[in-house]
Each structure stands twice: as structure tokens, then as C-alpha cells.
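Q: Here you go, target-v8.cif (mmCIF, C-alpha atoms):
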data_upload
#
loop_
_atom_site.label_atom_id
_atom_site.label_comp_id
_atom_site.auth_asym_id
_atom_site.auth_seq_id
_atom_site.Cartn_x
_atom_site.Cartn_y
_atom_site.Cartn_z
CA MET A 1 0.00 0.00 0.00
CA GLU A 2 2.98 2.31 0.46
CA ALA A 3 3.54 2.35 -3.31
CA PHE A 4 -0.10 3.32 -3.91
CA SER A 5 0.14 6.15 -1.40
CA ARG A 6 3.33 7.37 -3.05
CA LEU A 7 1.71 7.20 -6.49
CA ARG A 8 -1.28 9.21 -5.30
CA ALA A 9 1.06 11.85 -3.84
CA ILE A 10 3.08 12.06 -7.07
CA VAL A 11 -0.06 12.51 -9.21
CA ALA A 12 -1.24 15.29 -6.89
CA GLU A 13 2.18 16.95 -7.07
CA LEU A 14 2.27 16.72 -10.86
CA ARG A 15 -1.11 18.42 -11.02
CA GLN A 16 0.36 21.31 -9.06
CA LYS A 17 3.79 21.66 -10.64
CA CYS A 18 3.74 20.28 -14.21
CA PRO A 19 2.15 22.55 -16.87
CA TRP A 20 1.05 19.58 -19.01
CA ASP A 21 -0.50 17.64 -16.13
CA ARG A 22 -2.13 20.80 -14.83
CA ALA A 23 -3.78 21.39 -18.21
CA GLN A 24 -5.41 17.95 -18.41
CA THR A 25 -9.15 17.38 -18.05
CA PHE A 26 -11.43 14.36 -18.12
CA ASP A 27 -12.07 15.03 -21.82
CA SER A 28 -8.43 15.51 -22.80
CA LEU A 29 -7.39 12.30 -21.06
CA ALA A 30 -10.10 10.09 -22.59
CA PRO A 31 -8.40 9.46 -25.98
CA LEU A 32 -5.12 8.76 -24.22
CA THR A 33 -6.84 6.23 -21.98
CA TRP A 34 -8.11 4.30 -25.01
CA GLU A 35 -4.54 4.24 -26.32
CA GLU A 36 -3.07 2.99 -23.03
CA VAL A 37 -5.68 0.22 -22.72
CA ALA A 38 -4.96 -0.86 -26.31
CA GLU A 39 -1.22 -1.02 -25.56
CA LEU A 40 -1.93 -3.10 -22.45
CA LEU A 41 -4.03 -5.56 -24.46
CA GLU A 42 -1.25 -5.87 -27.05
CA ALA A 43 1.27 -6.59 -24.29
CA ILE A 44 -1.05 -9.24 -22.83
CA GLU A 45 -1.42 -10.89 -26.23
CA ARG A 46 2.38 -11.06 -26.50
CA ARG A 47 2.59 -12.41 -22.92
CA ASP A 48 5.55 -10.06 -22.43
CA PRO A 49 6.07 -9.71 -18.63
CA ALA A 50 8.06 -6.46 -18.82
CA ASP A 51 5.61 -4.81 -21.20
CA ILE A 52 2.60 -6.02 -19.22
CA THR A 53 4.07 -4.50 -16.06
CA GLU A 54 4.77 -1.20 -17.79
CA GLU A 55 1.40 -0.97 -19.54
CA LEU A 56 -0.50 -1.92 -16.38
CA GLY A 57 1.33 0.96 -14.73
CA ASP A 58 0.24 3.36 -17.46
CA VAL A 59 -3.40 2.31 -17.09
CA LEU A 60 -3.13 2.58 -13.29
CA LEU A 61 -1.74 6.09 -13.71
CA HIS A 62 -4.87 7.04 -15.64
CA VAL A 63 -7.08 5.62 -12.88
CA PHE A 64 -5.25 7.70 -10.26
CA PHE A 65 -5.25 10.77 -12.52
CA TYR A 66 -9.03 10.56 -13.04
CA ALA A 67 -9.45 10.11 -9.28
CA GLN A 68 -7.30 13.19 -8.69
CA LEU A 69 -9.40 15.23 -11.11
CA ALA A 70 -12.58 13.98 -9.44
CA GLU A 71 -11.22 14.85 -5.99
CA GLU A 72 -10.29 18.36 -7.12
CA ALA A 73 -13.83 18.83 -8.48
CA GLY A 74 -15.36 17.53 -5.25
CA LEU A 75 -16.90 14.54 -7.02
CA THR A 76 -15.27 11.60 -5.25
CA HIS A 77 -12.02 10.36 -3.71
CA ILE A 78 -9.75 7.41 -4.54
CA GLN A 79 -10.53 5.93 -1.10
CA GLU A 80 -14.25 6.07 -1.83
CA VAL A 81 -13.63 4.52 -5.24
CA ALA A 82 -11.82 1.57 -3.64
CA GLU A 83 -14.37 1.14 -0.85
CA ARG A 84 -17.31 1.15 -3.27
CA LEU A 85 -15.55 -1.41 -5.47
CA ILE A 86 -14.94 -3.68 -2.48
CA GLN A 87 -18.61 -3.47 -1.49
CA LYS A 88 -19.72 -4.26 -5.04
CA LEU A 89 -17.40 -7.25 -5.40
CA ILE A 90 -18.61 -8.76 -2.14
CA ALA A 91 -22.29 -8.10 -2.92
CA ARG A 92 -22.05 -9.62 -6.39
CA HIS A 93 -20.18 -12.74 -5.30
CA PRO A 94 -22.57 -14.34 -2.80
CA HIS A 95 -21.22 -17.74 -3.88
CA VAL A 96 -17.86 -16.67 -2.40
CA TYR A 97 -18.86 -14.36 0.47
CA GLY A 98 -22.29 -15.84 1.23
CA GLU A 99 -24.30 -19.04 1.09
CA ALA A 100 -25.21 -19.05 -2.62
CA GLN A 101 -23.93 -21.74 -5.01
CA ALA A 102 -22.49 -21.34 -8.49
CA GLY A 103 -21.51 -24.43 -10.43
CA ASP A 104 -19.80 -22.75 -13.35
CA ALA A 105 -18.80 -19.41 -14.89
CA LYS A 106 -22.09 -19.15 -16.80
CA ALA A 107 -24.05 -19.30 -13.55
CA VAL A 108 -21.82 -16.62 -12.04
CA ILE A 109 -22.42 -14.29 -15.00
CA ALA A 110 -26.19 -14.81 -14.87
CA ARG A 111 -26.29 -14.03 -11.14
CA TRP A 112 -24.02 -10.99 -11.63
CA GLU A 113 -26.40 -9.54 -14.23
CA ASN A 114 -29.46 -10.19 -12.08
CA LEU A 115 -27.83 -8.56 -9.06
CA LYS A 116 -26.79 -5.53 -11.11
CA LYS A 117 -30.31 -5.10 -12.44
CA ALA A 118 -31.83 -5.45 -8.96
CA GLU A 119 -29.36 -2.95 -7.46
CA LYS A 120 -30.08 -0.14 -9.89
CA GLN A 121 -33.42 -1.13 -11.47
CA ARG A 122 -32.07 -0.49 -14.94
CA SER A 123 -31.79 -2.30 -18.24
CA ALA A 124 -29.44 -5.25 -18.33
CA LEU A 125 -27.74 -3.51 -21.26
CA ALA A 126 -27.06 -0.27 -19.39
CA GLY A 127 -23.63 -1.48 -18.30
CA VAL A 128 -22.34 -1.62 -21.89
CA PRO A 129 -20.80 1.80 -22.71
CA GLU A 130 -22.02 3.28 -25.98
CA ARG A 131 -18.48 4.52 -26.64
CA LEU A 132 -17.07 1.01 -26.85
CA PRO A 133 -15.81 0.10 -30.33
CA PRO A 134 -18.92 -1.14 -32.21
CA LEU A 135 -17.69 -4.71 -32.69
CA LEU A 136 -16.89 -5.12 -29.01
CA GLN A 137 -20.09 -3.32 -28.05
CA ALA A 138 -22.17 -5.78 -30.10
CA TYR A 139 -20.40 -8.71 -28.42
CA ARG A 140 -21.03 -7.34 -24.93
CA LEU A 141 -24.68 -6.48 -25.67
CA GLN A 142 -25.25 -10.04 -26.83
CA GLU A 143 -23.48 -11.45 -23.77
CA LYS A 144 -25.69 -9.37 -21.47
CA ALA A 145 -28.88 -10.46 -23.24
CA ALA A 146 -27.76 -14.10 -23.30
CA ALA A 147 -27.13 -14.04 -19.54
CA LEU A 148 -30.87 -13.37 -19.11
CA GLY A 149 -31.88 -16.14 -21.51
CA PHE A 150 -32.37 -14.08 -24.68
CA ASP A 151 -30.16 -16.01 -27.06
CA TRP A 152 -30.03 -18.38 -30.02
CA ALA A 153 -30.04 -22.08 -29.25
CA ASP A 154 -26.76 -22.91 -31.05
CA PRO A 155 -24.49 -21.73 -33.90
CA ALA A 156 -26.44 -23.71 -36.52
CA ALA A 157 -29.58 -21.72 -35.71
CA LEU A 158 -27.75 -18.52 -36.66
CA LEU A 159 -26.80 -19.59 -40.17
CA PRO A 160 -30.28 -19.17 -41.73
CA LYS A 161 -30.46 -15.73 -40.10
CA PHE A 162 -27.07 -14.84 -41.59
CA HIS A 163 -28.21 -15.86 -45.08
CA GLU A 164 -31.43 -13.89 -44.59
CA GLU A 165 -29.49 -10.74 -43.70
CA ILE A 166 -27.12 -11.22 -46.65
CA ALA A 167 -30.12 -11.50 -49.00
CA GLU A 168 -31.56 -8.26 -47.60
CA LEU A 169 -28.21 -6.54 -48.08
CA GLU A 170 -27.99 -7.75 -51.68
CA GLU A 171 -31.51 -6.49 -52.34
CA ALA A 172 -30.71 -3.04 -50.94
CA ILE A 173 -27.57 -2.85 -53.09
CA SER A 174 -29.50 -3.90 -56.20
CA ARG A 175 -31.95 -1.03 -55.56
CA GLU A 176 -28.96 1.31 -55.03
CA ASP A 177 -30.56 2.22 -51.71
CA TYR A 178 -27.36 2.84 -49.79
CA ALA A 179 -29.06 4.04 -46.61
CA ALA A 180 -30.85 0.69 -46.44
CA ALA A 181 -27.62 -1.09 -47.39
CA ALA A 182 -25.86 0.54 -44.44
CA ALA A 183 -28.58 -0.71 -42.08
CA GLU A 184 -28.49 -4.21 -43.58
CA LEU A 185 -24.70 -4.31 -43.39
CA GLY A 186 -24.98 -3.52 -39.69
CA ASP A 187 -27.41 -6.43 -39.30
CA VAL A 188 -24.99 -8.77 -41.11
CA LEU A 189 -22.12 -7.73 -38.83
CA PHE A 190 -24.31 -8.14 -35.74
CA VAL A 191 -25.23 -11.69 -36.75
CA LEU A 192 -21.57 -12.50 -37.44
CA VAL A 193 -20.62 -11.28 -33.96
CA ASN A 194 -23.34 -13.51 -32.52
CA LEU A 195 -22.04 -16.46 -34.54
CA ALA A 196 -18.49 -15.86 -33.29
CA ARG A 197 -19.73 -15.75 -29.70
CA HIS A 198 -21.55 -19.07 -30.10
CA LEU A 199 -18.42 -20.64 -31.55
CA GLY A 200 -16.41 -19.51 -28.53
CA LEU A 201 -14.49 -16.97 -30.60
CA HIS A 202 -14.07 -13.27 -29.97
CA PRO A 203 -14.81 -11.22 -33.10
CA GLU A 204 -12.24 -8.56 -32.18
CA LYS A 205 -9.49 -11.18 -32.02
CA ALA A 206 -10.65 -12.91 -35.20
CA LEU A 207 -10.71 -9.62 -37.11
CA GLN A 208 -7.36 -8.57 -35.68
CA ALA A 209 -5.81 -11.82 -36.89
CA THR A 210 -7.16 -11.13 -40.36
CA ASN A 211 -5.93 -7.51 -40.20
CA THR A 212 -2.45 -8.76 -39.30
CA LYS A 213 -2.49 -11.28 -42.14
CA PHE A 214 -3.63 -8.64 -44.62
CA ARG A 215 -0.92 -6.26 -43.44
CA GLN A 216 1.76 -8.94 -43.85
CA ARG A 217 0.61 -9.99 -47.31
CA PHE A 218 0.16 -6.46 -48.60
CA THR A 219 3.55 -5.34 -47.24
CA TRP A 220 5.20 -8.35 -48.91
CA MET A 221 3.47 -7.48 -52.19
CA GLU A 222 4.66 -3.86 -51.95
CA ALA A 223 8.23 -5.04 -51.34
CA GLN A 224 8.17 -7.33 -54.37
CA LEU A 225 6.85 -4.55 -56.60
CA ALA A 226 9.38 -2.04 -55.24
CA ALA A 227 12.21 -4.50 -55.96
CA GLN A 228 11.15 -4.38 -59.62
CA ASN A 229 10.66 -0.61 -59.61
CA LYS A 230 6.92 -1.04 -60.05
CA ASP A 231 4.24 1.22 -58.65
CA PRO A 232 1.10 -0.67 -57.56
CA ARG A 233 -1.01 2.24 -58.83
CA THR A 234 0.15 1.57 -62.40
CA CYS A 235 -0.14 -2.22 -62.25
CA SER A 236 -3.12 -4.03 -63.70
CA SER A 237 -5.63 -5.76 -61.46
CA ASP A 238 -4.47 -9.13 -62.75
CA GLU A 239 -0.84 -8.37 -61.94
CA LEU A 240 -1.69 -7.23 -58.42
CA GLU A 241 -3.81 -10.33 -57.93
CA SER A 242 -0.92 -12.57 -59.00
CA TYR A 243 1.37 -10.99 -56.40
CA TRP A 244 -1.38 -11.25 -53.80
CA GLN A 245 -1.82 -14.95 -54.45
CA ALA A 246 1.97 -15.42 -54.25
CA SER A 247 2.03 -13.70 -50.85
CA LYS A 248 -0.18 -16.45 -49.41
CA ALA A 249 2.71 -18.89 -49.67
CA TYR A 250 4.58 -16.76 -47.13
CA TYR A 251 1.62 -15.70 -44.98
CA PRO A 252 -1.06 -18.42 -45.22
#
Starting from the file, lay out its structure as C-alpha cells.
A:
Amino acid sequence: MEAFSRLRAIVAELRQKCPWDRAQTFDSLAPLTWEEVAELLEAIERRDPADITEELGDVLLHVFFYAQLAEEAGLTHIQEVAERLIQKLIARHPHVYGEAQAGDAKAVIARWENLKKAEKQRSALAGVPERLPPLLQAYRLQEKAAALGFDWADPAALLPKFHEEIAELEEAISREDYAAAAAELGDVLFVLVNLARHLGLHPEKALQATNTKFRQRFTWMEAQLAAQNKDPRTCSSDELESYWQASKAYYP
């Protein structure tokens, strides 16, 4: 706890003495927080102990910085933040701190959602921030609904729905109704997220893997063209496609 007290004191001192820290607000810090969380997730994916330690520290700094801003504004205090979190964890884990039973993780999630709804009398979806990236937001919305029993029976049941949404998208495109196409495309993506969830896959991770593969293949293709003094903008579609197919041998 000594380190936490020292960190809190340093953040308070920086707010007094550093021009940059003094200029920060909740709004100015928000984009930086997204960046720090993304860097932490990348470090976790790499399982790099040194990077995980450093990135966890950066995220923790943001938590303390927000708490400092809140304290200065008379909104809350880091001690109150910690105490409220402790109370919430105990209240929502009656199978650990009470007499309730939970046989598996699914049962824990269902009870957690029911307790949250009872505590605040709000929608089960209220805990999903609207500022989450849309793909992750869709995944979390579906998880919340599924915890209350609103879900598809299995992955196979989703396939007809996927084909239905694809047909509606194709129809909108054929009419050149691009507003409708945008809505139908959203429906297709939402169904795909649901399918990924039922398959035990996370859509963010699946898409990131594809992004990485595309980056590798495209970079390889650029290098091959550059070695022959070729500009991809002046190459034919067939030529670019041939290089693209060749890249798959290196990055399957």
C-alpha cells in the first residue's frame, strides 16, 4: 500500500507543478486512456512480462489521474472509489462471500447480471458503454442479453439468419438504396458477432488476426513490386492479384 500512497502523492504533485499535467481534463485524457488500454491488451497478447508490467502501470496512472481530477472537483475520492468497489465485489459474489452456489462461470455471469439489475433497477444492457468500439459493443450487448436467456439455441440456428441478412443486403444494393444497405450491413455484422460468440471466438481477435495477415501480405506485395521498380497504382488488377496470391505462400 505504500507504493499506492506514493503514487497518489506524485499525481497530486504533478497536477500542481507540471504545466502539461495541470492542463489535463477528463475530456483531454479520454483518448489517451483508449490508447493505453490498447497497448496493455497488445502486451497481454504477446505475454511479455516487462511490457505487461509497464502498460498496467500506465493504465493505473490514468485511474489515479481521473481520481485526482474527481477529488479536485469535489466529485469523489480514490478511497471512496476503492471502498465502493470492495462493497460491489462482495455483494455480487454471494457464492464466495455468502451461502449461494455457483456451479460454473455461466451461472456466475447470470447471477451478476441479475444482481446488477436489482441494485439499480435499470436495463441489463445499461452497463455496456455506448463509446465502446462497435464490434466489441455488439459482443457485450449479446453477452448481457444471453445471460438473461435471450439467445439463439446454437451456432447452426444462426446460419439461416445470416443468409437472410445477406439477401436483404444484396436487395438493398441492387436497388442502389445505400441508406438501407448501411442498415443491412450492420445487421450482417451483428449476426456475425453472434455467430463468433456461439463458436467460442471473440470477433475482435478474429478480425485482428485477419488484419495482421492482410498487413503482412500487402507489405510483402509492396516489397516485391518495389524491388522491380513497379508502382502498384500503375499495375493491372491481374498483376496485383498474382502478387497477392503469391504472398499467401509466405503468410497463409
Q: Which of these residues is nearest to Ile10 (chain A), using only C-alpha atoms: A:Asp51, A:Phe65, A:Glu239, A:Val37?
A: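 Nearest to Ile10 (chain A): A:Phe65.
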Q: From the list A:Val81, A:Leu135, A:Asn211, A:Lys230, which residue is nearest Asp187 (chain A) when using all atoms listed in the file?
A: A:Leu135
Q: Calculate how many Å separate CA of Asp27 (chain A) from CA of Pro134 (chain A), rounding to one decimal.
A: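 CA of Pro134 (chain A) lies at a distance of 20.4 Å from CA of Asp27 (chain A).
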Q: Between CA of Glu39 (chain A) and CA of Ala206 (chain A), what distance in Å does the model show, to one decimal?
A: 18.0 Å
Q: Have a look at A:Ala107, A:Ala67, A:Leu115, A:Ala180 and name the one nearest to Thr25 (chain A); count all atoms listed in the file.
A: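 Closest candidate: A:Ala67.
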Q: For Leu56 (chain A), which residue among A:Glu222, A:Glu71, A:Glu36, A:Glu184 is the nearest when counting all atoms listed in the file?
A: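 Once distances to Leu56 (chain A) are computed over all atoms listed in the file, the minimum belongs to A:Glu36.
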Q: Please indicate the distance in Å from CA of Ala227 (chain A) to CA of Ser242 (chain A), rounded to one decimal place.
A: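 So the two atoms, CA of Ala227 (chain A) and CA of Ser242 (chain A), lie 15.7 Å apart.
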Q: Identify, on the basis of only C-alpha atoms, every residue whose closest approach to Leu225 (chain A) does not exceed 10 Å; exclude the query and any residue fewer than 5 positions from it along the same chain; express the result as a VMD selection string.
A: chain A and resid 219 to 220 230 to 232 235 240 243
Q: Fewer than 2 positions away in the same chain doesn't count, so skip those; otherwise give me all residues within 12 Å of Phe190 (chain A), counting only C-alpha atoms, as a PyMOL selection string.
A: chain A and resi 134-142+158+161-162+165-166+183-188+192-197+203
Q: Using C-alpha atoms, can you write the selected residues to a file as an mmCIF file, in the frame of the given file?
A:
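Written output follows (part20.cif):
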data_model
loop_
_atom_site.group_PDB
_atom_site.id
_atom_site.type_symbol
_atom_site.label_atom_id
_atom_site.label_comp_id
_atom_site.auth_asym_id
_atom_site.auth_seq_id
_atom_site.Cartn_x
_atom_site.Cartn_y
_atom_site.Cartn_z
ATOM 1 C CA PRO A 134 -18.920 -1.140 -32.210
ATOM 2 C CA LEU A 135 -17.690 -4.710 -32.690
ATOM 3 C CA LEU A 136 -16.890 -5.120 -29.010
ATOM 4 C CA GLN A 137 -20.090 -3.320 -28.050
ATOM 5 C CA ALA A 138 -22.170 -5.780 -30.100
ATOM 6 C CA TYR A 139 -20.400 -8.710 -28.420
ATOM 7 C CA ARG A 140 -21.030 -7.340 -24.930
ATOM 8 C CA LEU A 141 -24.680 -6.480 -25.670
ATOM 9 C CA GLN A 142 -25.250 -10.040 -26.830
ATOM 10 C CA LEU A 158 -27.750 -18.520 -36.660
ATOM 11 C CA LYS A 161 -30.460 -15.730 -40.100
ATOM 12 C CA PHE A 162 -27.070 -14.840 -41.590
ATOM 13 C CA GLU A 165 -29.490 -10.740 -43.700
ATOM 14 C CA ILE A 166 -27.120 -11.220 -46.650
ATOM 15 C CA ALA A 183 -28.580 -0.710 -42.080
ATOM 16 C CA GLU A 184 -28.490 -4.210 -43.580
ATOM 17 C CA LEU A 185 -24.700 -4.310 -43.390
ATOM 18 C CA GLY A 186 -24.980 -3.520 -39.690
ATOM 19 C CA ASP A 187 -27.410 -6.430 -39.300
ATOM 20 C CA VAL A 188 -24.990 -8.770 -41.110
ATOM 21 C CA LEU A 192 -21.570 -12.500 -37.440
ATOM 22 C CA VAL A 193 -20.620 -11.280 -33.960
ATOM 23 C CA ASN A 194 -23.340 -13.510 -32.520
ATOM 24 C CA LEU A 195 -22.040 -16.460 -34.540
ATOM 25 C CA ALA A 196 -18.490 -15.860 -33.290
ATOM 26 C CA ARG A 197 -19.730 -15.750 -29.700
ATOM 27 C CA PRO A 203 -14.810 -11.220 -33.100
#
Q: What's the 12 Å shell around region 89-99 of chain A, counting only C-alpha atoms, without same-chain residues fewer than 2 positions away, as number ranges by chain?
A: A: 82-87, 101-105, 107-119
Q: Fewer than 2 positions away in the same chain doesn't count, so skip those; otherwise give me all residues within 10 Å of Tyr250 (chain A), counting all atoms listed in the file, as a PyMOL selection string.
A: chain A and resi 216-217+220+245-248+252
Q: I need the residue nearest Ala146 (chain A) from this list: A:Leu125, A:Ala179, A:Leu159, A:Phe64. Use all atoms listed in the file for the distance.
A: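 Nearest candidate to Ala146 (chain A) out of A:Leu125, A:Ala179, A:Leu159, A:Phe64: A:Leu125.
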Q: Hey, which of A:Arg6, A:Ala73, A:Thr33, A:Gln208 ends up closest to Val59 (chain A)? Count only C-alpha atoms.
A: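 Smallest distance to Val59 (chain A) is found for A:Thr33.
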Q: So which residues get picked by the PyMOL selection byres ((chain A and resi 52) around 12) here, written as a ChimeraX atom specification?
A: /A:36-51,53-60
Q: Using the chain letters and numbers from the file, give me the residues hit by the PyMOL selection byres ((chain A and resi 22) around 12), as a PyMOL selection string.
A: chain A and resi 11-21+23-26+28-29+65+68-69+72
